[in-house]
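So this block is upload-v4.cif, mmCIF, C-alpha atoms and all ligand atoms:
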data_coords
#
loop_
_atom_site.group_PDB
_atom_site.id
_atom_site.type_symbol
_atom_site.label_atom_id
_atom_site.label_comp_id
_atom_site.auth_asym_id
_atom_site.auth_seq_id
_atom_site.Cartn_x
_atom_site.Cartn_y
_atom_site.Cartn_z
ATOM 1 C CA MET L 10 -17.587 -4.168 -4.501
ATOM 2 C CA ALA L 11 -18.237 -2.550 -7.885
ATOM 3 C CA GLY L 12 -18.542 0.734 -5.990
ATOM 4 C CA ALA L 13 -15.099 0.260 -4.449
ATOM 5 C CA TYR L 14 -13.577 -0.447 -7.856
ATOM 6 C CA PHE L 15 -15.205 2.644 -9.352
ATOM 7 C CA PHE L 16 -13.793 4.714 -6.471
ATOM 8 C CA ILE L 17 -10.295 3.329 -7.128
ATOM 9 C CA ILE L 18 -10.540 4.096 -10.877
ATOM 10 C CA LEU L 19 -11.803 7.587 -10.079
ATOM 11 C CA SER L 20 -9.089 8.385 -7.505
ATOM 12 C CA GLN L 21 -6.096 6.627 -9.129
ATOM 13 C CA VAL L 22 -6.838 7.132 -12.831
ATOM 14 C CA ILE L 23 -9.469 9.766 -13.680
ATOM 15 C CA ILE L 24 -8.609 12.511 -11.166
ATOM 16 C CA PRO L 25 -4.802 12.363 -11.694
ATOM 17 C CA LEU L 26 -5.319 12.288 -15.478
ATOM 18 C CA TYR L 27 -7.510 15.359 -15.187
ATOM 19 C CA ALA L 28 -4.949 17.104 -12.946
ATOM 20 C CA VAL L 29 -2.133 16.468 -15.414
ATOM 21 C CA LEU L 30 -4.095 17.394 -18.547
ATOM 22 C CA SER L 31 -5.601 20.564 -17.124
ATOM 23 C CA LEU L 32 -2.157 21.775 -16.040
ATOM 24 C CA TRP L 33 -0.589 20.743 -19.344
ATOM 25 C CA ARG L 34 -3.133 22.341 -21.657
ATOM 26 C CA ARG L 35 -4.238 25.559 -20.003
ATOM 27 C CA LYS L 36 -2.728 28.811 -21.176
ATOM 28 C CA ASP L 37 -4.208 31.798 -19.386
ATOM 29 C CA TRP L 38 -2.626 31.367 -15.948
ATOM 30 C CA ASN L 39 -1.813 34.107 -13.541
ATOM 31 C CA ASN L 40 0.787 33.534 -10.824
ATOM 32 C CA ARG L 41 -1.617 32.912 -7.988
ATOM 33 C CA GLU L 42 -3.774 30.480 -9.931
ATOM 34 C CA TRP L 43 -0.724 28.530 -10.971
ATOM 35 C CA VAL L 44 0.579 28.254 -7.395
ATOM 36 C CA PHE L 45 -2.769 27.048 -6.032
ATOM 37 C CA ALA L 46 -3.360 24.582 -8.881
ATOM 38 C CA VAL L 47 0.144 23.095 -8.540
ATOM 39 C CA SER L 48 -0.114 22.930 -4.722
ATOM 40 C CA LEU L 49 -3.407 21.048 -4.852
ATOM 41 C CA GLY L 50 -2.192 18.698 -7.583
ATOM 42 C CA ALA L 51 1.082 17.956 -5.792
ATOM 43 C CA ALA L 52 -0.610 17.334 -2.430
ATOM 44 C CA TYR L 53 -3.171 15.025 -4.027
ATOM 45 C CA LEU L 54 -0.544 13.038 -5.936
ATOM 46 C CA LEU L 55 1.637 12.678 -2.822
ATOM 47 C CA PHE L 56 -1.448 11.408 -0.984
ATOM 48 C CA LEU L 57 -2.090 8.905 -3.802
ATOM 49 C CA PHE L 58 1.547 7.799 -3.873
ATOM 50 C CA VAL L 59 1.930 7.231 -0.135
ATOM 51 C CA VAL L 60 -1.495 6.535 1.335
ATOM 52 C CA THR L 61 -3.672 4.757 -1.242
ATOM 53 C CA PRO L 62 -2.924 1.087 -1.951
ATOM 54 C CA TRP L 63 -1.667 0.302 -5.475
ATOM 55 C CA GLY L 64 -2.123 -2.862 -7.488
ATOM 56 C CA PHE L 65 -5.874 -2.670 -8.177
ATOM 57 C CA VAL L 66 -4.976 -0.569 -11.222
ATOM 58 C CA PRO L 67 -1.525 -1.149 -12.805
ATOM 59 C CA TYR L 68 1.143 -0.396 -10.187
ATOM 60 C CA PRO L 69 3.436 1.601 -12.558
ATOM 61 C CA LEU L 70 0.785 4.357 -12.659
ATOM 62 C CA ARG L 71 1.920 5.188 -9.116
ATOM 63 C CA TYR L 72 5.101 6.611 -10.726
ATOM 64 C CA VAL L 73 3.599 7.756 -14.032
ATOM 65 C CA TRP L 74 1.296 10.369 -12.467
ATOM 66 C CA PRO L 75 3.918 12.286 -10.409
ATOM 67 C CA LEU L 76 6.336 12.336 -13.367
ATOM 68 C CA ALA L 77 3.639 13.509 -15.796
ATOM 69 C CA PHE L 78 2.479 16.144 -13.312
ATOM 70 C CA LEU L 79 6.038 17.390 -12.840
ATOM 71 C CA ALA L 80 6.437 17.696 -16.620
ATOM 72 C CA ALA L 81 3.124 19.580 -16.872
ATOM 73 C CA ALA L 82 4.107 21.895 -13.999
ATOM 74 C CA VAL L 83 7.428 22.757 -15.653
ATOM 75 C CA ARG L 84 5.789 23.330 -19.033
ATOM 76 C CA SER L 85 3.043 25.554 -17.624
ATOM 77 C CA PHE L 86 5.560 27.525 -15.526
ATOM 78 C CA VAL L 87 7.780 28.169 -18.566
ATOM 79 C CA ARG L 88 4.742 29.256 -20.561
ATOM 80 C CA LEU L 89 3.593 31.571 -17.771
ATOM 81 C CA ARG L 90 7.020 33.248 -17.572
ATOM 82 C CA ARG L 91 7.232 33.616 -21.327
ATOM 83 C CA GLU L 92 3.822 35.278 -21.493
ATOM 84 C CA GLN L 93 4.843 37.693 -18.753
ATOM 85 C CA GLU L 94 8.189 38.551 -20.415
ATOM 86 C CA GLN L 95 6.383 39.248 -23.664
ATOM 87 C CA GLY L 96 4.249 41.721 -21.818
ATOM 88 C CA GLN L 97 1.073 39.798 -22.301
ATOM 89 C CA GLU L 98 -1.693 39.963 -19.807
ATOM 90 C CA PRO L 99 -0.950 37.141 -17.392
ATOM 91 C CA GLY L 100 -4.431 35.768 -17.838
ATOM 92 C CA LYS L 101 -7.731 36.817 -19.210
ATOM 93 C CA ARG L 102 -9.182 37.100 -15.756
ATOM 94 C CA PRO L 103 -7.364 39.412 -13.317
ATOM 95 C CA SER L 104 -7.530 36.824 -10.524
ATOM 96 C CA ILE L 105 -9.332 33.629 -9.708
ATOM 97 C CA PRO L 106 -12.510 33.975 -7.691
ATOM 98 C CA ARG L 107 -11.967 33.836 -3.937
ATOM 99 C CA LEU L 108 -13.950 30.610 -3.599
ATOM 100 C CA SER L 109 -11.652 28.801 -5.975
ATOM 101 C CA VAL L 110 -8.602 29.946 -3.988
ATOM 102 C CA PHE L 111 -10.342 28.738 -0.845
ATOM 103 C CA TRP L 112 -11.167 25.277 -2.245
ATOM 104 C CA HIS L 113 -7.750 24.814 -3.827
ATOM 105 C CA GLY L 114 -6.059 25.844 -0.586
ATOM 106 C CA LEU L 115 -8.298 23.697 1.596
ATOM 107 C CA GLY L 116 -7.831 20.692 -0.683
ATOM 108 C CA ALA L 117 -4.053 21.095 -0.688
ATOM 109 C CA LEU L 118 -4.061 21.354 3.124
ATOM 110 C CA LEU L 119 -6.258 18.276 3.683
ATOM 111 C CA PHE L 120 -4.452 16.010 1.224
ATOM 112 C CA GLY L 121 -1.116 17.372 2.443
ATOM 113 C CA ILE L 122 -1.915 16.485 6.074
ATOM 114 C CA GLN L 123 -2.943 12.933 5.120
ATOM 115 C CA ALA L 124 0.161 12.509 2.973
ATOM 116 C CA VAL L 125 2.428 13.673 5.827
ATOM 117 C CA ASN L 126 0.646 11.222 8.147
ATOM 118 C CA GLY L 127 1.426 8.484 5.651
ATOM 119 C CA VAL L 128 5.090 9.516 5.433
ATOM 120 C CA ARG L 129 5.286 9.284 9.243
ATOM 121 C CA GLY L 130 4.473 5.590 8.766
ATOM 122 C CA TYR L 131 8.037 5.105 7.439
ATOM 123 C CA PHE L 132 9.503 5.766 10.909
ATOM 124 C CA TYR L 133 9.478 3.335 13.807
ATOM 125 C CA PRO L 134 10.765 3.427 17.376
ATOM 126 C CA GLY L 135 13.651 1.394 18.720
ATOM 127 C CA PRO L 136 15.376 -1.677 17.359
ATOM 128 C CA ALA L 137 13.487 -3.904 14.937
ATOM 129 C CA LEU L 138 13.582 -7.664 14.516
ATOM 130 C CA ASP L 139 15.365 -8.392 11.247
ATOM 131 C CA LEU L 140 13.962 -11.280 9.202
ATOM 132 C CA ALA L 141 14.540 -12.833 5.785
ATOM 133 C CA PHE L 142 11.792 -11.956 3.325
ATOM 134 C CA PRO L 143 9.721 -15.163 3.246
ATOM 135 C CA LEU L 144 8.555 -15.173 -0.395
ATOM 136 C CA ARG L 145 10.715 -15.763 -3.477
ATOM 137 C CA GLU L 146 8.535 -16.393 -6.491
ATOM 138 C CA GLY L 147 7.576 -12.989 -7.803
ATOM 139 C CA VAL L 148 7.257 -9.260 -7.219
ATOM 140 C CA TYR L 149 5.593 -8.466 -3.911
ATOM 141 C CA VAL L 150 3.788 -5.334 -2.809
ATOM 142 C CA VAL L 151 2.975 -4.369 0.758
ATOM 143 C CA GLY L 152 -0.772 -3.821 1.187
ATOM 144 C CA HIS L 153 -0.686 -2.870 4.852
ATOM 145 C CA GLY L 154 2.580 -1.962 6.554
ATOM 146 C CA GLY L 155 4.180 0.903 8.431
ATOM 147 C CA SER L 156 3.878 2.547 11.814
ATOM 148 C CA GLN L 157 0.787 4.706 11.209
ATOM 149 C CA ARG L 158 -2.825 3.660 10.991
ATOM 150 C CA ILE L 159 -3.375 5.500 7.710
ATOM 151 C CA VAL L 160 -1.046 3.045 5.921
ATOM 152 C CA ASN L 161 -1.467 0.022 8.208
ATOM 153 C CA TYR L 162 -4.853 -0.836 9.676
ATOM 154 C CA HIS L 163 -3.216 -3.303 12.111
ATOM 155 C CA ASN L 164 -1.745 -0.295 13.916
ATOM 156 C CA VAL L 165 -4.724 -0.021 16.280
ATOM 157 C CA SER L 166 -3.847 -3.403 17.864
ATOM 158 C CA ALA L 167 -0.981 -3.500 20.409
ATOM 159 C CA SER L 168 0.148 -6.979 19.348
ATOM 160 C CA GLN L 169 -0.173 -6.431 15.591
ATOM 161 C CA ARG L 170 0.933 -2.801 15.481
ATOM 162 C CA TYR L 171 3.718 -3.548 12.978
ATOM 163 C CA ALA L 172 2.010 -6.426 11.142
ATOM 164 C CA LEU L 173 2.308 -6.604 7.371
ATOM 165 C CA ASP L 174 -0.127 -7.819 4.725
ATOM 166 C CA ILE L 175 1.743 -8.809 1.590
ATOM 167 C CA THR L 176 0.369 -9.471 -1.886
ATOM 168 C CA ALA L 177 2.071 -10.065 -5.246
ATOM 169 C CA LEU L 178 1.847 -8.306 -8.616
ATOM 170 C CA ASN L 179 1.289 -10.086 -11.926
ATOM 171 C CA ALA L 180 2.882 -9.056 -15.238
ATOM 172 C CA LEU L 181 0.323 -6.237 -15.602
ATOM 173 C CA GLY L 182 1.253 -4.793 -12.211
ATOM 174 C CA LEU L 183 -2.048 -6.003 -10.734
ATOM 175 C CA ARG L 184 -2.702 -7.980 -7.552
ATOM 176 C CA SER L 185 -5.297 -10.101 -9.379
ATOM 177 C CA LEU L 186 -6.680 -10.681 -12.856
ATOM 178 C CA GLY L 187 -9.997 -8.873 -12.528
ATOM 179 C CA PHE L 188 -11.341 -7.036 -9.511
ATOM 180 C CA GLU L 189 -12.034 -9.446 -6.657
ATOM 181 C CA PRO L 190 -12.230 -12.570 -8.835
ATOM 182 C CA LYS L 191 -13.753 -15.724 -7.345
ATOM 183 C CA ALA L 192 -11.022 -18.059 -8.617
ATOM 184 C CA LEU L 193 -8.177 -17.966 -6.084
ATOM 185 C CA ASP L 194 -5.508 -18.735 -8.680
ATOM 186 C CA ARG L 195 -6.260 -15.405 -10.359
ATOM 187 C CA TYR L 196 -4.546 -13.718 -7.399
ATOM 188 C CA ALA L 197 -0.853 -13.392 -8.142
ATOM 189 C CA ILE L 198 0.307 -14.550 -4.702
ATOM 190 C CA PHE L 199 -1.956 -17.595 -4.290
ATOM 191 C CA GLY L 200 0.063 -20.783 -3.922
ATOM 192 C CA HIS L 201 3.469 -19.131 -3.547
ATOM 193 C CA THR L 202 5.761 -21.065 -1.228
ATOM 194 C CA LEU L 203 6.293 -19.524 2.183
ATOM 195 C CA HIS L 204 9.823 -19.841 3.574
ATOM 196 C CA SER L 205 10.797 -19.503 7.211
ATOM 197 C CA PRO L 206 11.940 -15.927 7.870
ATOM 198 C CA CYS L 207 14.251 -17.015 10.721
ATOM 199 C CA ASP L 208 15.735 -19.902 12.679
ATOM 200 C CA GLY L 209 13.410 -21.052 15.438
ATOM 201 C CA THR L 210 11.022 -23.632 16.810
ATOM 202 C CA VAL L 211 7.494 -24.195 15.544
ATOM 203 C CA ARG L 212 5.219 -23.320 18.455
ATOM 204 C CA SER L 213 1.836 -23.957 16.822
ATOM 205 C CA VAL L 214 0.328 -24.957 13.501
ATOM 206 C CA VAL L 215 -3.223 -24.891 12.124
ATOM 207 C CA ASN L 216 -3.617 -26.563 8.726
ATOM 208 C CA ASP L 217 -7.280 -27.554 8.283
ATOM 209 C CA ARG L 218 -9.167 -24.306 7.738
ATOM 210 C CA PRO L 219 -10.848 -23.769 4.338
ATOM 211 C CA ASP L 220 -9.614 -21.322 1.721
ATOM 212 C CA HIS L 221 -12.453 -18.859 1.245
ATOM 213 C CA ILE L 222 -13.856 -17.525 -1.997
ATOM 214 C CA PRO L 223 -13.666 -13.692 -1.827
ATOM 215 C CA PRO L 224 -15.392 -11.813 -0.327
ATOM 216 C CA ASP L 225 -16.167 -14.683 2.097
ATOM 217 C CA HIS L 226 -13.934 -14.759 5.156
ATOM 218 C CA ASP L 227 -13.861 -16.192 8.675
ATOM 219 C CA PRO L 228 -13.818 -13.638 11.514
ATOM 220 C CA GLU L 229 -14.080 -16.511 14.052
ATOM 221 C CA GLN L 230 -10.650 -17.928 13.100
ATOM 222 C CA PRO L 231 -8.792 -14.759 12.079
ATOM 223 C CA ALA L 232 -5.394 -16.344 11.388
ATOM 224 C CA GLY L 233 -6.836 -19.310 9.456
ATOM 225 C CA ASN L 234 -4.108 -21.802 8.629
ATOM 226 C CA HIS L 235 -0.927 -20.477 10.173
ATOM 227 C CA VAL L 236 2.518 -21.220 11.524
ATOM 228 C CA GLU L 237 3.790 -19.671 14.755
ATOM 229 C CA ILE L 238 7.562 -19.741 15.190
ATOM 230 C CA GLU L 239 9.372 -18.960 18.440
ATOM 231 C CA ALA L 240 12.858 -17.471 18.277
ATOM 232 C CA ASP L 241 14.706 -15.892 21.211
ATOM 233 C CA GLY L 242 11.493 -15.337 23.173
ATOM 234 C CA ILE L 243 9.753 -13.697 20.221
ATOM 235 C CA ARG L 244 6.708 -15.270 18.571
ATOM 236 C CA ILE L 245 6.277 -14.785 14.825
ATOM 237 C CA TYR L 246 2.932 -15.448 13.126
ATOM 238 C CA LEU L 247 2.584 -16.261 9.432
ATOM 239 C CA ALA L 248 -1.113 -16.453 8.567
ATOM 240 C CA HIS L 249 -3.826 -17.127 5.928
ATOM 241 C CA LEU L 250 -2.042 -20.168 4.451
ATOM 242 C CA GLN L 251 -3.516 -22.732 2.088
ATOM 243 C CA ARG L 252 -5.369 -25.642 3.644
ATOM 244 C CA GLY L 253 -3.206 -28.734 3.889
ATOM 245 C CA SER L 254 -0.104 -26.974 2.585
ATOM 246 C CA ILE L 255 1.828 -26.701 5.857
ATOM 247 C CA ARG L 256 4.669 -29.177 6.051
ATOM 248 C CA VAL L 257 6.014 -28.480 9.566
ATOM 249 C CA LYS L 258 4.508 -29.479 12.891
ATOM 250 C CA GLN L 259 4.609 -28.276 16.470
ATOM 251 C CA GLY L 260 8.054 -28.716 18.018
ATOM 252 C CA ASP L 261 9.975 -28.838 14.704
ATOM 253 C CA ARG L 262 13.194 -26.874 14.480
ATOM 254 C CA VAL L 263 13.224 -24.706 11.357
ATOM 255 C CA LYS L 264 16.065 -22.879 9.655
ATOM 256 C CA ARG L 265 15.830 -19.558 7.864
ATOM 257 C CA GLY L 266 14.660 -20.301 4.308
ATOM 258 C CA ASP L 267 13.040 -23.674 5.034
ATOM 259 C CA PRO L 268 9.749 -24.125 3.129
ATOM 260 C CA LEU L 269 6.800 -23.969 5.550
ATOM 261 C CA GLY L 270 3.676 -24.054 3.368
ATOM 262 C CA LYS L 271 1.832 -22.069 0.709
ATOM 263 C CA VAL L 272 0.054 -18.724 0.687
ATOM 264 C CA GLY L 273 -3.723 -19.214 0.721
ATOM 265 C CA ASN L 274 -6.918 -17.446 1.672
ATOM 266 C CA SER L 275 -7.945 -18.941 5.019
ATOM 267 C CA GLY L 276 -9.145 -17.019 8.079
ATOM 268 C CA ASN L 277 -10.231 -13.394 8.213
ATOM 269 C CA THR L 278 -8.919 -12.257 4.844
ATOM 270 C CA SER L 279 -10.316 -10.205 1.990
ATOM 271 C CA GLU L 280 -8.058 -11.735 -0.682
ATOM 272 C CA PRO L 281 -5.119 -14.169 -0.764
ATOM 273 C CA HIS L 282 -2.163 -12.577 1.038
ATOM 274 C CA LEU L 283 0.466 -13.288 3.650
ATOM 275 C CA HIS L 284 0.030 -11.733 7.076
ATOM 276 C CA ILE L 285 3.105 -11.575 9.286
ATOM 277 C CA HIS L 286 3.697 -10.108 12.722
ATOM 278 C CA ALA L 287 5.936 -10.675 15.727
ATOM 279 C CA VAL L 288 5.321 -10.170 19.430
ATOM 280 C CA ARG L 289 7.253 -10.259 22.659
ATOM 281 C CA GLY L 290 5.319 -11.677 25.663
ATOM 282 C CA GLY L 291 1.825 -13.163 25.821
ATOM 283 C CA GLN L 292 0.722 -16.629 24.748
ATOM 284 C CA SER L 293 -1.885 -16.355 21.992
ATOM 285 C CA LEU L 294 -2.648 -14.550 18.755
ATOM 286 C CA PHE L 295 -3.830 -11.262 20.199
ATOM 287 C CA GLU L 296 -1.472 -11.129 23.196
ATOM 288 C CA GLY L 297 1.968 -9.612 23.539
ATOM 289 C CA GLU L 298 3.612 -6.401 22.409
ATOM 290 C CA GLY L 299 4.096 -5.969 18.667
ATOM 291 C CA ILE L 300 7.688 -5.549 17.465
ATOM 292 C CA PRO L 301 8.774 -3.567 14.384
ATOM 293 C CA LEU L 302 10.030 -5.887 11.649
ATOM 294 C CA THR L 303 12.668 -5.304 9.008
ATOM 295 C CA PHE L 304 13.369 -7.603 6.075
ATOM 296 C CA ASN L 305 17.034 -7.716 5.128
ATOM 297 C CA GLY L 306 17.322 -4.360 6.899
ATOM 298 C CA ARG L 307 14.297 -2.708 5.220
ATOM 299 C CA PHE L 308 11.283 -1.474 7.195
ATOM 300 C CA LEU L 309 8.465 -2.146 4.740
ATOM 301 C CA VAL L 310 5.562 0.262 4.353
ATOM 302 C CA ARG L 311 2.433 0.241 2.193
ATOM 303 C CA ASN L 312 3.208 0.089 -1.544
ATOM 304 C CA ASP L 313 6.853 -0.932 -1.011
ATOM 305 C CA LEU L 314 7.976 -3.524 -3.547
ATOM 306 C CA VAL L 315 10.112 -6.568 -2.840
ATOM 307 C CA PHE L 316 11.628 -8.429 -5.778
ATOM 308 C CA GLY L 317 11.567 -12.045 -4.680
ATOM 309 C CA ARG L 318 13.674 -13.419 -7.503
HETATM 310 ZN ZN ZN F 1 -3.082 -8.743 8.344
#
Please express what this file holds, its structure, as structure tokens.
Amino acid sequence: MAGAYFFIILSQVIIPLYAVLSLWRRKDWNNREWVFAVSLGAAYLLFLFVVTPWGFVPYPLRYVWPLAFLAAAVRSFVRLRREQEQGQEPGKRPSIPRLSVFWHGLGALLFGIQAVNGVRGYFYPGPALDLAFPLREGVYVVGHGGSQRIVNYHNVSASQRYALDITALNALGLRSLGFEPKALDRYAIFGHTLHSPCDGTVRSVVNDRPDHIPPDHDPEQPAGNHVEIEADGIRIYLAHLQRGSIRVKQGDRVKRGDPLGKVGNSGNTSEPHLHIHAVRGGQSLFEGEGIPLTFNGRFLVRNDLVFGR
């Protein structure tokens, strides 16, 4: 996983820092160079903002980079105009080489397409099931969520199309202290109390699966410890809970806000998080038609924050 962490540092720290600094410091722009450099930088940063998951490096950087890039773009534009008004040559080179225009343009197009795909994930068809957000002890960030595969890997499954994976951020804006630590309590969300998102009846409970040490996981029992609640013919799954933490049993009536258990790391999970999805029809975990979910009216998408307290 060291390779994955290096890739995250490269894409979310080193490349945006380079994009901002190179725009901020360079003097000898001509118009065309400036347009291509700003287009590529803007497309890349939009891609980072929307598509890549934040919380492995401090979450606030998600906002720092676009603001810094905007400041650098304004500064370099003002400088370019001033040089031109003063009759200076608008650059030491008459134009950038064709290849550079090609690569800048291609890069802007590719990142732009992916970013637009991510933005499409904010839209969903038809009415959604509105639920109460089930966590209250911290700041939560959506890892997977939205209506497009690029921001929500569940999207390929008919039943889990609108499923969400939710993690929490610690005071540093990180999902965990360290990258993929072995100790589960280093993950900000581990042990947070899960509250019922709706009124309903408990349809099934599993409470005896082990909490795995990352990157161990259990593909055989994907939901791990979970609670399934039935409400108005809709089944809602809340999964990957802590072993032994679930305090409701099959047949119990639950009210919105009732404590159900604690967030853990059981089942097919890469790190402690809450998985939630709702289906209409079917009987078991992978049956039924997935329903879009809103929480207090909000359709949550990757990187959305929810302030639980
Ligand atoms: Zn999930």
Selection within 8 Å of ligand ZN 1 (chain F) by only C-alpha atoms and all ligand atoms, output as an mmCIF file with C-alpha atoms, keeping the file's coordinate frame:
data_model
loop_
_atom_site.group_PDB
_atom_site.id
_atom_site.type_symbol
_atom_site.label_atom_id
_atom_site.label_comp_id
_atom_site.auth_asym_id
_atom_site.auth_seq_id
_atom_site.Cartn_x
_atom_site.Cartn_y
_atom_site.Cartn_z
ATOM 1 C CA HIS L 153 -0.686 -2.870 4.852
ATOM 2 C CA HIS L 163 -3.216 -3.303 12.111
ATOM 3 C CA ALA L 172 2.010 -6.426 11.142
ATOM 4 C CA LEU L 173 2.308 -6.604 7.371
ATOM 5 C CA ASP L 174 -0.127 -7.819 4.725
ATOM 6 C CA ALA L 248 -1.113 -16.453 8.567
ATOM 7 C CA THR L 278 -8.919 -12.257 4.844
ATOM 8 C CA LEU L 283 0.466 -13.288 3.650
ATOM 9 C CA HIS L 284 0.030 -11.733 7.076
ATOM 10 C CA ILE L 285 3.105 -11.575 9.286
#
For stretch 55-70 of chain L, work out the shell of residues within 8 Å, counting only C-alpha atoms and skipping chain neighbours fewer than 2 positions away, then give it as a count of residues only. 30
task = Name the residues captured by the PyMOL selection byres (((chain L and resi 249) around 8) and not hetatm) when it is applied to the shown file; answer as a PyMOL selection string.
result = chain L and resi 232-235+247-248+250-251+272-278+281-284
Residue subset to file, keeping C-alpha atoms, as a short mmCIF file (atom, residue, chain, number, x, y, z; two decimals), in the frame of the given file:
data_model
loop_
_atom_site.label_atom_id
_atom_site.label_comp_id
_atom_site.auth_asym_id
_atom_site.auth_seq_id
_atom_site.Cartn_x
_atom_site.Cartn_y
_atom_site.Cartn_z
CA ALA L 232 -5.39 -16.34 11.39
CA GLY L 233 -6.84 -19.31 9.46
CA ASN L 234 -4.11 -21.80 8.63
CA HIS L 235 -0.93 -20.48 10.17
CA LEU L 247 2.58 -16.26 9.43
CA ALA L 248 -1.11 -16.45 8.57
CA LEU L 250 -2.04 -20.17 4.45
CA GLN L 251 -3.52 -22.73 2.09
CA VAL L 272 0.05 -18.72 0.69
CA GLY L 273 -3.72 -19.21 0.72
CA ASN L 274 -6.92 -17.45 1.67
CA SER L 275 -7.94 -18.94 5.02
CA GLY L 276 -9.14 -17.02 8.08
CA ASN L 277 -10.23 -13.39 8.21
CA THR L 278 -8.92 -12.26 4.84
CA PRO L 281 -5.12 -14.17 -0.76
CA HIS L 282 -2.16 -12.58 1.04
CA LEU L 283 0.47 -13.29 3.65
CA HIS L 284 0.03 -11.73 7.08
#
A straight line from atom CA of L:Val257 to atom CA of L:Gln169 spans 23.7 Å
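Distances from L:Phe316, L:Tyr27, L:Tyr171, L:Trp33 to L:Gln157 were compared using only C-alpha atoms, and the smallest one belongs to L:Tyr171.
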In terms of all atoms listed in the file, the residue from L:Gln292, L:Asn164, L:Leu309, L:Lys191 at minimal distance from L:Tyr149 is L:Leu309
What would the selection look like, as a count of residues only, if the PyMOL selection byres (((chain L and resi 289) around 8) and not hetatm) were run on the coordinates I just shared? 11
task: Quote the spacing between atom CA of L:Thr202 and atom CA of L:Pro268 in Å to one decimal place.
output: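 Atom CA of L:Thr202 sits 6.7 Å away from atom CA of L:Pro268.
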* **Given only C-alpha atoms as the counted atoms, nearest of L:Glu189, L:Glu146, L:Glu92, L:Glu296 to L:Asn40** =>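 Smallest separation from L:Asn40 among the options: L:Glu92.
Considering the residues L:Gly266, L:Gly154, L:Gly12, L:Gly116 and counting all atoms listed in the file, L:Phe45 has its shortest atom-to-atom contact with L:Gly116.
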Next item on the list: May I ask which of the residues L:Ala167, L:Leu269, L:Val87, L:Val315 is the closest one to L:Val211, counting all atoms listed in the file?
Entry: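 Selected residue with least distance to L:Val211: L:Leu269.
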- Message: Suppose a student applies the PyMOL selection byres (((chain L and resi 81) around 12) and not hetatm) to this structure; what residues should they get, written as a PyMOL selection string?
- Response: chain L and resi 25-36+43+46-47+50-51+74-80+82-88
For the point (21.8, -8.7, 1.9) in file coordinates, what residues are within 12 Å, counting all atoms listed in the file? Give the answer as a ChimeraX atom specification? /L:139-142,304-307
**Message:** Using Å and a single decimal, report how far atom CA of L:Glu280 sits from atom CA of L:Arg318.
**Reply:**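 Interatomic distance here is 22.8 Å.
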Practice item. Compare L:Ile255, L:Val148, L:Ile245, L:Leu314 by their minimum atom-to-atom distance to L:Ala180, counting only C-alpha atoms, and give me the closest one. Key: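 For L:Ala180, the nearest of the candidates is L:Val148.
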Could you check which residues have any atom within 6 Å of (11.9, -6.5, 12.3), counting only C-alpha atoms with coordinates taken straight from the file, and then list them as a PyMOL selection string?
chain L and resi 137-139+301-303
Fill-in result for stretch 285-296 of chain L, N, CA and C atoms as a short mmCIF file (atom, residue, chain, number, x, y, z; two decimals), keeping the file's coordinate frame:
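Saved as part.cif:
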data_model
loop_
_atom_site.label_atom_id
_atom_site.label_comp_id
_atom_site.auth_asym_id
_atom_site.auth_seq_id
_atom_site.Cartn_x
_atom_site.Cartn_y
_atom_site.Cartn_z
N ILE L 285 1.99 -11.23 8.40
CA ILE L 285 3.10 -11.58 9.29
C ILE L 285 3.23 -10.53 10.39
N HIS L 286 3.38 -11.01 11.62
CA HIS L 286 3.70 -10.11 12.72
C HIS L 286 4.47 -10.84 13.80
N ALA L 287 5.13 -10.09 14.66
CA ALA L 287 5.94 -10.68 15.73
C ALA L 287 5.63 -9.97 17.04
N VAL L 288 5.60 -10.74 18.11
CA VAL L 288 5.32 -10.17 19.43
C VAL L 288 6.32 -10.67 20.46
N ARG L 289 6.50 -9.85 21.48
CA ARG L 289 7.25 -10.26 22.66
C ARG L 289 6.23 -10.36 23.79
N GLY L 290 6.26 -11.50 24.56
CA GLY L 290 5.32 -11.68 25.66
C GLY L 290 4.00 -12.25 25.18
N GLY L 291 3.14 -12.60 26.16
CA GLY L 291 1.82 -13.16 25.82
C GLY L 291 1.93 -14.61 25.37
N GLN L 292 0.76 -15.21 25.12
CA GLN L 292 0.72 -16.63 24.75
C GLN L 292 0.00 -16.87 23.43
N SER L 293 -1.01 -16.04 23.14
CA SER L 293 -1.88 -16.36 21.99
C SER L 293 -1.83 -15.25 20.94
N LEU L 294 -2.69 -15.41 19.95
CA LEU L 294 -2.65 -14.55 18.76
C LEU L 294 -2.72 -13.06 19.07
N PHE L 295 -3.62 -12.69 19.97
CA PHE L 295 -3.83 -11.26 20.20
C PHE L 295 -3.12 -10.76 21.46
N GLU L 296 -2.22 -11.57 22.01
CA GLU L 296 -1.47 -11.13 23.20
C GLU L 296 -0.06 -10.73 22.80
#
